[in-house]
Structure formats: structure tokens, C-alpha cells
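Read through the structure below, which is laid out as C-alpha cells, and then see the notes.
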Amino acid sequence: MAFKIHKPALAYAMTSLGHAMMSSVFMFYYVKIFLNMYHIPEWWFQFSQVLYMIWNAINDPLFGYIQDNSSMHCVKSRRHSILYGAPFFAIAFIVPWFPWATDATKDGWIIGLHLLFALSFYDTLFTFVLLAQCCLFTEISKKHEDRLRLVQYSQIASLVGSSSVMISGFVSNNLENYGNFQIFTIVVAIAAFFCFRYTGMHSHTQYDLEDLSKENTNENKRDPNLSIWRAMWQIISQKNFICFVMMNFLQILHSTFLTNFTVIIGDALIPKSIVSQQIRIVFHGLLYILPQTTVILGSPLVAKFGSFYVIQTSFIFKMVAPLLLYFYGRSSPYVLMLFLLLDSGLVHATFSLFNISLSDIADYDMELHERRRPVSSTIFGTNALVTKPAQSLSPMIAVALLNHYDYKKYKNGKLGDTDTLFDVMFWMVCFTPVLIGAIQMIVWSQYTLRSSHETVAKYTELDETL
């Protein structure tokens with residue numbers, strides 16, 4: 001039987017494609033470019049990250065509440081939020097790659113403002129567009145197999161989109177030809193815009209297709225004027241939600257560390273005399289390709305055992321594998337590269353399953369509070385309120401620790417003895433996942449919504465295939 005493309009899943013996945021193309025490049029390069037090319041002062045880097053952390057946390061529940069409760073169809077409709085946010089999201093992606101100043105000694109404050117604006121602008125549109133996509137995930141269907149299909153399509157799209165890191169490495173020769181890199185980012189932004197537009201034009205949920213007059217007369221059964229504070233309190237008072245956001249905070253802390261610092265630590269600990277530039281480019285690309293491949297190939301396990309147990313198993317790997325690497329030592333660059341690939345691949349692959357757990361929480365919340373429709377945006381936004389600060393805390397902690405051991409001198413070529421710095425880098429690689437994995441295992445064991453893969457949903461998505 002010929003393979004049939006599932007139209008709702010394809011429309012949903014196009015935003016994943018655009019997001020993967022942009023965010024892979026953004027997260028992989030922005031720290032390195034601002035630290036090593038623009039030479040941003042450390043004080044401005046930390047200050048920008050603190051302000052970004054505050055805004056990053058605030059805007060998610062704010063946009064979540066607006067999208068759930070706005071009377072404007074262009075905001076309340078998930079696909080229209082993606083459609084109208086697309087051009088601004090694409091523009092925000094381009095901002096970091098064109099320097100506002102070239103002399104860090106005289107214009108350090110301008111470089112600092114550049115970073116602050118780039119992070120805040122990008123995250124604002126990231127939140128507005130991706131929050132709507134998360135809600136599409138919850139509201140297209142309540143069936144576990146349908147949601148797993150969305151994950152599969154999304155990961156295939158992300159697999160294609162994540163190759164942008166590898167392509168950018170070849171195009172710019174790992175940023176040595178920065179002009180080519182800038183041109184490439186513009187091409188990526190344009191391609192991503194059309195991906196978002198496709199989702200905005202073609203992705204529907206059952207709620208979008210309901211008669212609007214019926215929707216206006218069937219508000220929340222218990223509280224049609226639910227305030228943002230009451231809505232958030234109803235959500236954060238649930239044990240499962242608390243367990244999830246604590247676990248998710250640690251996962252983001254870990255994944256952000258890997259995304260921002262794998263290339264920096266790898267360049268230091270993996271000698272260029274042993275591993276060529278071309279192999280490094282392929283290695284950097286595989287860091288973004290392996291997670292999607294893992295999810296696609298591991299989907300049958302998720303379907304059989306459920307996302308809860310797959311996520312839990314990943315924590316065991318975090319606690320065991322780094323200890324094996326530590327006792328083996330850092331004498332073999334290829335063993336270190338293999339570990340970084342596996343660690344990064346598993347962390348990001350597991351993260352791809354988190355929407356299933358959050359959607360289970362949204363379903364449970366809908367039944368618990370007898371809502372007419374799930375408050376998906378508010379739930380995803382409240383989750384982000386707690387977890388998003390990890391995106392700033394991770395680089396702040398890592399940069400402070402590295403600079404304490406003279407990384408600033410090392411990157412300027414003024415550090416004679418590098419053994420202590422390299423040992424600290426190796427310890428960071430080994431013990432960060434062990435500590436995080438142990439805490440996650442304890443927290444996640446308290447989560448009780450474990451059997452959504454065994455239940456039958458009350459409604460299913462429209463069966464549209466090509």
C-alpha cells in the first residue's frame with residue numbers, strides 16, 4: 001500500500017521545519033559569536049542574560065493567557081497566530097548576525113544592547129509562534145497515537161531543518177567566512193517564513209471548525225471570566241504539573257548547556273591535529289540530526305511503553321554513561337565526541353516527547369475543572385514561566401565558571417598552562433548530566449499521568465490524507 005501523507009500532521013510539522021532551521025543556528029552560534037567575534041564584555045553578557053531571563057519568563061504566561069482568552073480571532077486562533085507572527089519571527093532571527101559595533105573596548109555597551117535586543121526580540125516571536133504550535137499539538141487530537149504521529153512528522157521536519165547547522169558550517173567554513181554565514185542566515189529566514197505560512201494557512205483544530213456563535217454561547221462551564229491569576233493557580237496547584245516543570249527546568253538547563261557549549265568545549269578538548277575541520281563540521285551537524293533520528297526510530301517504543309517510561313529511562317543513561325567517560329578519561333578525542341553525541345542526542349530527543357506529557361496535563365485539567373476547551377496556551381505558558389529562566393541561567397553559570405578558570409585569557413591566546421581549565425571543562429561534561437539526571441529521576445517518579453498511551457480519547461482528529 002502506498003504511503004499517504006497525513007495533511008494535518010504535515011501542516012503542523014512545517015512550523016517545526018522552520019523553527020528547526022532557525023533555532024538550531026541561533027542557539028548553536030549566538031554565544032560563540034558574541035563572546036569570540038564581537039567580544040562582548042562579560043558584565044554586559046551576564047546583564048543581558050538576566051534581563052532576557054526575566055522577559056523570557058514573563059512573556060510565556062502573558063501570551064498564553066492572551067491566546068486562550070482574547071476575543072480577537074487572529075490571536076485566539078492557533079494557526080492565525082503562526083501566520084501573522086511568521087514575518088516578524090523571521091526578521092528576529094536575522095538580528096544577531098549583523099554587528100552593531102566593532103570595537104568592544106569603546107562600544108561594549110552597544111554590543112551589550114545588541115545582545116539584549118536580539119535575545120528579547122527573538123524570544124518574543126519564538127514564544128508567540130511556538131506557543132500556538134504547542135496548542136495545536138494538544139488540540140488537534142486527544143488520542144495518544146495521533147499525538148505520536150505529530151511527534152514523528154515534527155521530528156522528520158526537525159531532522160531536515162537541523163541540517164542548517166552543518167550546512168552553515170560548510171558554507172562559512174565554521175564562521176571563518178562570516179559574510180557567507182550572514183547570507184546563509186537570510187536564506188534560512190526566508191525559507192522558515194514560508195514554512196510558518198504553510199502551517200498558518202492549513203493547520204486546523206476541531207475548535208477552529210466549530211460554529212463561532214456556538215462557541216460564544218458555550219464558555220467555560222464554571223468560570224467564563226477566568227483571570228490569569230486564577231487560571232495559573234489552578235494549574236500550578238496540580239502535583240503532576242509541579243513534577244513536570246521541575247523536571248523540565250533541569251532538562252532545559254542541561255540541553256542549553258550542551259547547545260551553547262559543546263562547540264566551545266569541543267574545540268578546547270579535541271585537538272585539531274587529531275580531528276580535522278571537516279570531521280568537526282560533520283560532528284556539529286550530527287549533534288542536531290541524531291535527536292530527531294532517535295525519536296523517529298524510537299517511536300514504536302513510545303507507542304508501546306508510553307512517554308513516561310521512555311523519559312524515565314533516559315535519566316538512567318544520564319547517571320551512568322558520564323561516570324564511564326570520567327573513569328576512562330579524556331585521552332581519546334573520539335570517545336569524548338561519541339559521548340557528546342549520545343548525551344546531546346538523548347537529551348534533545350527526550351525533550352521532544354515533553355509535549356505529550358504537557359498535553360496529558362491539559363486534558364486532565366480540562367476534565368478536573370470542567371472546561372469547554374483546554375486552556376492549552378495558559379498551561380504551556382505557565383510551564384515556560386518556570387522553565388525558560390534555565391535558558392539564561394545555564395550560559396551564565398557556565399561562562400562564570402569558565403572565566404573563573406581563565407577562559408577569557410585562553411580565548412585571547414594569553415593562557416600558558418591550560419591543564420586546569422581543560423580539566424574543569426571535562427568535569428563539566430561528566431558531572432552536569434549525573435547531577436541533573438539524579439534529581440530528575442527523583443522528581444519524575446512522583447508524576448502519575450503515565451498511561452495515556454493505553455486510554456481511548458473522547459474525540460479524534462480529522463482523517464485527512466494525501
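Ordering of the C-alpha cells sets the chain letters (A, B, ...); residue numbers start at 1 within each chain; ligands are numbered from 1 in the order shown.
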
Residues at most 12 Å from Tyr364 (chain A), counting only C-alpha atoms, excluding those fewer than 2 positions away in the same chain, as number ranges by chain?
A: 138, 142, 234-235, 238-241, 357-362, 366-371, 373-376, 379, 448-450, 452, 457

May I have the residues within 6 Å of region 163-175 of chain A as number ranges by chain, using only C-alpha atoms and disregarding those fewer than 2 positions away in the same chain?
A: 21, 25, 160-161, 177-178, 180-181, 281, 285

Which residues are close to Ala268 (chain A), i.e. within 12 Å by only C-alpha atoms, leaving aside same-chain residues fewer than 3 positions away? Reply as a ChimeraX atom specification.
/A:261-265,271-273,275,330,333,336,402,407,410-411,418-419,421-426

Restricting it to N, CA, C and O atoms, dump the selection as a CSV table (one decimal), in the first residue's frame.
```csv
chain,number,residue,atom,x,y,z
A,261,PHE,N,27.6,25.2,24.6
A,261,PHE,CA,29.0,25.0,25.0
A,261,PHE,C,29.7,23.7,24.4
A,261,PHE,O,30.9,23.6,24.6
A,262,THR,N,28.9,22.9,23.7
A,262,THR,CA,29.6,21.7,23.1
A,262,THR,C,30.7,22.1,22.1
A,262,THR,O,31.8,21.6,22.1
A,263,VAL,N,30.4,23.1,21.3
A,263,VAL,CA,31.4,23.5,20.3
A,263,VAL,C,32.5,24.2,21.0
A,263,VAL,O,33.7,24.0,20.6
A,264,ILE,N,32.3,25.0,22.1
A,264,ILE,CA,33.4,25.7,22.8
A,264,ILE,C,34.3,24.7,23.5
A,264,ILE,O,35.5,24.7,23.4
A,265,ILE,N,33.7,23.8,24.2
A,265,ILE,CA,34.4,22.8,25.0
A,265,ILE,C,35.1,21.8,24.0
A,265,ILE,O,36.2,21.4,24.2
A,271,PRO,N,41.8,18.0,20.0
A,271,PRO,CA,42.9,18.7,19.3
A,271,PRO,C,42.6,18.7,17.8
A,271,PRO,O,42.2,17.7,17.2
A,272,LYS,N,42.9,19.9,17.2
A,272,LYS,CA,42.7,20.0,15.7
A,272,LYS,C,43.7,19.1,14.9
A,272,LYS,O,43.5,18.8,13.8
A,273,SER,N,44.8,18.8,15.6
A,273,SER,CA,45.8,17.9,14.9
A,273,SER,C,45.3,16.5,14.8
A,273,SER,O,45.8,15.8,13.9
A,275,VAL,N,41.6,15.7,15.0
A,275,VAL,CA,40.3,15.7,14.3
A,275,VAL,C,40.3,16.9,13.4
A,275,VAL,O,40.4,18.0,13.8
A,330,ARG,N,39.9,11.7,29.4
A,330,ARG,CA,39.8,12.5,28.2
A,330,ARG,C,40.9,12.3,27.2
A,330,ARG,O,41.2,13.1,26.4
A,333,PRO,N,40.0,11.7,22.0
A,333,PRO,CA,39.0,12.6,21.5
A,333,PRO,C,37.8,12.0,20.9
A,333,PRO,O,36.7,12.5,21.0
A,336,LEU,N,35.3,11.0,23.5
A,336,LEU,CA,34.6,12.2,24.0
A,336,LEU,C,33.6,12.7,23.0
A,336,LEU,O,32.4,13.0,23.4
A,402,LEU,N,33.8,29.1,33.7
A,402,LEU,CA,34.9,29.0,32.8
A,402,LEU,C,35.9,30.2,32.9
A,402,LEU,O,37.1,30.1,32.9
A,407,TYR,N,39.2,31.2,31.2
A,407,TYR,CA,38.8,31.0,29.8
A,407,TYR,C,39.0,32.3,29.0
A,407,TYR,O,39.4,32.2,27.8
A,410,TYR,N,42.4,32.3,27.8
A,410,TYR,CA,42.6,31.2,26.8
A,410,TYR,C,42.1,31.6,25.5
A,410,TYR,O,42.8,31.4,24.5
A,411,LYS,N,40.9,32.2,25.4
A,411,LYS,CA,40.3,32.6,24.1
A,411,LYS,C,41.1,33.7,23.4
A,411,LYS,O,41.1,33.8,22.2
A,418,THR,N,47.1,25.3,30.4
A,418,THR,CA,45.7,25.1,30.1
A,418,THR,C,45.1,23.9,30.8
A,418,THR,O,43.9,23.6,30.7
A,419,ASP,N,46.0,23.2,31.5
A,419,ASP,CA,45.5,21.9,32.1
A,419,ASP,C,44.3,22.0,33.1
A,419,ASP,O,43.4,21.3,33.0
A,421,LEU,N,42.1,24.5,33.3
A,421,LEU,CA,40.9,24.9,32.5
A,421,LEU,C,40.3,23.7,31.8
A,421,LEU,O,39.1,23.5,31.8
A,422,PHE,N,41.1,22.9,31.1
A,422,PHE,CA,40.6,21.7,30.4
A,422,PHE,C,40.1,20.7,31.3
A,422,PHE,O,39.1,20.0,31.0
A,423,ASP,N,40.7,20.5,32.5
A,423,ASP,CA,40.1,19.6,33.5
A,423,ASP,C,38.7,20.0,33.9
A,423,ASP,O,37.8,19.2,34.1
A,424,VAL,N,38.5,21.3,34.2
A,424,VAL,CA,37.2,21.8,34.6
A,424,VAL,C,36.2,21.6,33.5
A,424,VAL,O,35.1,21.2,33.7
A,425,MET,N,36.6,21.8,32.2
A,425,MET,CA,35.7,21.6,31.1
A,425,MET,C,35.3,20.1,31.1
A,425,MET,O,34.1,19.8,30.8
A,426,PHE,N,36.2,19.2,31.3
A,426,PHE,CA,35.9,17.8,31.2
A,426,PHE,C,35.0,17.4,32.4
A,426,PHE,O,34.1,16.6,32.2
```

Near Tyr122 (chain A), counting only C-alpha atoms, which residues have an atom at most 12 Å away, once you skip same-chain residues fewer than 3 positions from it, shown as number ranges by chain?
A: 19, 22-23, 26-27, 30, 52, 55-56, 59, 85-96, 114-119, 125-130

Write the residues of the selection above to a file with N, CA and C atoms, as a short mmCIF file (atom, residue, chain, number, x, y, z; two decimals), in the first residue's frame.
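File produced: result_3.cif:
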```
data_model
loop_
_atom_site.label_atom_id
_atom_site.label_comp_id
_atom_site.auth_asym_id
_atom_site.auth_seq_id
_atom_site.Cartn_x
_atom_site.Cartn_y
_atom_site.Cartn_z
N HIS A 19 11.13 26.31 12.44
CA HIS A 19 11.73 26.53 13.76
C HIS A 19 13.09 25.86 13.86
N MET A 22 15.90 27.75 11.99
CA MET A 22 16.35 28.98 12.63
C MET A 22 16.96 28.74 14.01
N SER A 23 16.26 28.01 14.85
CA SER A 23 16.70 27.88 16.24
C SER A 23 17.98 27.06 16.37
N PHE A 26 20.58 29.60 15.61
CA PHE A 26 20.57 30.65 16.63
C PHE A 26 21.24 30.17 17.91
N MET A 27 20.79 29.04 18.44
CA MET A 27 21.30 28.56 19.72
C MET A 27 22.73 28.05 19.60
N TYR A 30 24.98 31.86 18.69
CA TYR A 30 24.92 33.21 19.23
C TYR A 30 25.90 33.45 20.37
N TYR A 52 17.05 39.18 29.90
CA TYR A 52 16.42 38.23 28.98
C TYR A 52 15.69 37.14 29.75
N TRP A 55 12.34 38.62 31.05
CA TRP A 55 11.36 38.76 29.98
C TRP A 55 10.95 37.40 29.43
N ASN A 56 11.91 36.51 29.31
CA ASN A 56 11.67 35.16 28.80
C ASN A 56 10.63 34.44 29.65
N ASN A 59 6.87 36.60 29.39
CA ASN A 59 6.07 36.67 28.16
C ASN A 59 5.29 35.39 27.87
N GLY A 85 2.52 35.92 12.95
CA GLY A 85 3.80 36.08 13.63
C GLY A 85 4.99 35.71 12.76
N ALA A 86 4.74 34.99 11.65
CA ALA A 86 5.82 34.45 10.83
C ALA A 86 6.82 35.50 10.32
N PRO A 87 6.37 36.59 9.69
CA PRO A 87 7.37 37.54 9.15
C PRO A 87 8.23 38.18 10.24
N PHE A 88 7.65 38.47 11.38
CA PHE A 88 8.42 39.09 12.46
C PHE A 88 9.40 38.09 13.08
N PHE A 89 9.01 36.83 13.15
CA PHE A 89 9.89 35.78 13.67
C PHE A 89 11.12 35.65 12.77
N ALA A 90 10.88 35.67 11.45
CA ALA A 90 12.00 35.56 10.50
C ALA A 90 12.96 36.74 10.62
N ILE A 91 12.42 37.93 10.80
CA ILE A 91 13.26 39.13 10.96
C ILE A 91 14.07 39.05 12.24
N ALA A 92 13.43 38.59 13.33
CA ALA A 92 14.11 38.50 14.62
C ALA A 92 15.31 37.56 14.55
N PHE A 93 15.21 36.51 13.72
CA PHE A 93 16.32 35.57 13.58
C PHE A 93 17.56 36.22 12.97
N ILE A 94 17.37 37.18 12.10
CA ILE A 94 18.50 37.80 11.39
C ILE A 94 19.27 38.77 12.26
N VAL A 95 18.63 39.35 13.26
CA VAL A 95 19.20 40.45 14.04
C VAL A 95 20.59 40.17 14.64
N PRO A 96 20.85 38.99 15.23
CA PRO A 96 22.15 38.81 15.91
C PRO A 96 23.36 38.79 14.99
N HIS A 114 22.91 45.18 21.79
CA HIS A 114 22.64 44.33 20.63
C HIS A 114 22.21 42.93 21.08
N LEU A 115 22.98 42.36 22.02
CA LEU A 115 22.63 41.03 22.53
C LEU A 115 21.28 41.05 23.23
N LEU A 116 21.06 42.04 24.05
CA LEU A 116 19.80 42.13 24.80
C LEU A 116 18.62 42.24 23.85
N PHE A 117 18.72 43.11 22.84
CA PHE A 117 17.64 43.26 21.88
C PHE A 117 17.44 41.99 21.06
N ALA A 118 18.55 41.39 20.62
CA ALA A 118 18.45 40.18 19.79
C ALA A 118 17.77 39.05 20.54
N LEU A 119 18.16 38.83 21.80
CA LEU A 119 17.56 37.76 22.59
C LEU A 119 16.08 38.03 22.88
N LEU A 125 8.97 36.56 19.62
CA LEU A 125 8.31 35.94 18.47
C LEU A 125 8.36 34.42 18.56
N PHE A 126 9.45 33.91 19.13
CA PHE A 126 9.55 32.47 19.36
C PHE A 126 8.38 32.01 20.23
N THR A 127 8.12 32.75 21.31
CA THR A 127 7.04 32.40 22.22
C THR A 127 5.69 32.50 21.52
N PHE A 128 5.45 33.60 20.83
CA PHE A 128 4.15 33.83 20.21
C PHE A 128 3.82 32.74 19.18
N VAL A 129 4.80 32.37 18.37
CA VAL A 129 4.57 31.39 17.30
C VAL A 129 4.58 29.96 17.84
N LEU A 130 5.60 29.62 18.61
CA LEU A 130 5.74 28.23 19.07
C LEU A 130 4.72 27.87 20.14
#
```

Hey, which bits of region 96-182 of chain A sit within 10 Å of region 303-316 of chain A, and for each residue what's the closest pair of atoms and how far apart in Å (one decimal), counting only C-alpha atoms, rows by chain and increasing number, as a tab-separated table?
```
residue	atom	partner	partner_atom	distance
A:His144	CA	A:Ala303	CA	7.9
A:Glu145	CA	A:Ala303	CA	7.0
A:Leu148	CA	A:Ala303	CA	7.3
A:Arg149	CA	A:Ala303	CA	9.9
```

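The closest residue to Ala9 (chain A), picked from A:Ser162, A:Thr199, A:Gln67, A:Ser451 and counting only C-alpha atoms, is A:Thr199.
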
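Using only C-alpha atoms, the protein and nucleic acid residues lying no more than 8 Å from Met337 (chain A), apart from those fewer than 4 places from it along its own chain, are Gly266, Phe283, Pro333 and Leu341 of chain A.
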
Output file for the selection above: C-alpha atoms, as a PDB file, in the first residue's frame:
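The result, written out as selection_11.pdb:
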```pdb
ATOM      1  CA  GLY A 266      34.921  20.514  21.978  1.00  0.00           C
ATOM      2  CA  PHE A 283      30.160  16.270  14.169  1.00  0.00           C
ATOM      3  CA  PRO A 333      39.012  12.636  21.485  1.00  0.00           C
ATOM      4  CA  LEU A 341      26.790  12.909  20.505  1.00  0.00           C
TER       5      LEU A 341
END
```

Using the chain letters and numbers from this document, which residues of region 193-338 of chain A does DSSP assign to helix (DSSP H, G or I), as JSON, numbers by chain?
{"A": [193, 194, 195, 196, 197, 198, 199, 200, 201, 202, 212, 213, 214, 215, 216, 217, 228, 229, 230, 231, 232, 233, 234, 235, 236, 239, 240, 241, 242, 243, 244, 245, 246, 247, 248, 249, 250, 251, 252, 253, 254, 255, 256, 257, 258, 259, 260, 261, 262, 263, 264, 265, 266, 267, 268, 269, 277, 278, 279, 280, 281, 282, 283, 284, 285, 286, 287, 288, 289, 290, 291, 292, 293, 294, 295, 296, 297, 298, 299, 300, 301, 302, 303, 304, 305, 307, 308, 309, 310, 311, 312, 313, 314, 315, 316, 317, 318, 319, 320, 321, 322, 323, 324, 325, 326, 327, 328, 333, 334, 335, 336, 337, 338]}

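In this comparison, which uses only C-alpha atoms, the residue of A:Met441, A:Ile289, A:Met396, A:Leu136 approaching Ser344 (chain A) most closely is A:Ile289.
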
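When only C-alpha atoms are used to compute distances to Lys143 (chain A), the closest of the residues A:His348, A:Tyr405, A:Ile356, A:Gln182 turns out to be A:Ile356.
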
Across A:Thr387, A:Thr420, A:Thr15, A:Thr378, the smallest distance to Ser70 (chain A), with only C-alpha atoms counted, is shown by A:Thr378

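The shell of residues at most 6 Å from Ala192 (chain A), with only C-alpha atoms counted and near chain neighbours (fewer than 3 positions) removed, consists of Gly18, Ala189 and Cys195 of chain A.
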
Keeping only N, CA, C and O atoms, write the selected residues to a file as an mmCIF file, in the first residue's frame.
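In the end it all went to out-v9.cif:
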```cif
data_model
loop_
_atom_site.group_PDB
_atom_site.id
_atom_site.type_symbol
_atom_site.label_atom_id
_atom_site.label_comp_id
_atom_site.auth_asym_id
_atom_site.auth_seq_id
_atom_site.Cartn_x
_atom_site.Cartn_y
_atom_site.Cartn_z
ATOM 1 N N GLY A 18 10.521 25.103 9.990
ATOM 2 C CA GLY A 18 11.012 26.480 10.045
ATOM 3 C C GLY A 18 11.712 26.789 11.349
ATOM 4 O O GLY A 18 12.775 27.431 11.365
ATOM 5 N N ALA A 189 16.035 32.447 6.972
ATOM 6 C CA ALA A 189 14.885 33.216 7.456
ATOM 7 C C ALA A 189 13.751 33.221 6.431
ATOM 8 O O ALA A 189 12.578 33.071 6.795
ATOM 9 N N CYS A 195 7.576 28.268 5.575
ATOM 10 C CA CYS A 195 7.141 27.101 6.357
ATOM 11 C C CYS A 195 6.053 27.493 7.357
ATOM 12 O O CYS A 195 5.015 26.834 7.466
#
```
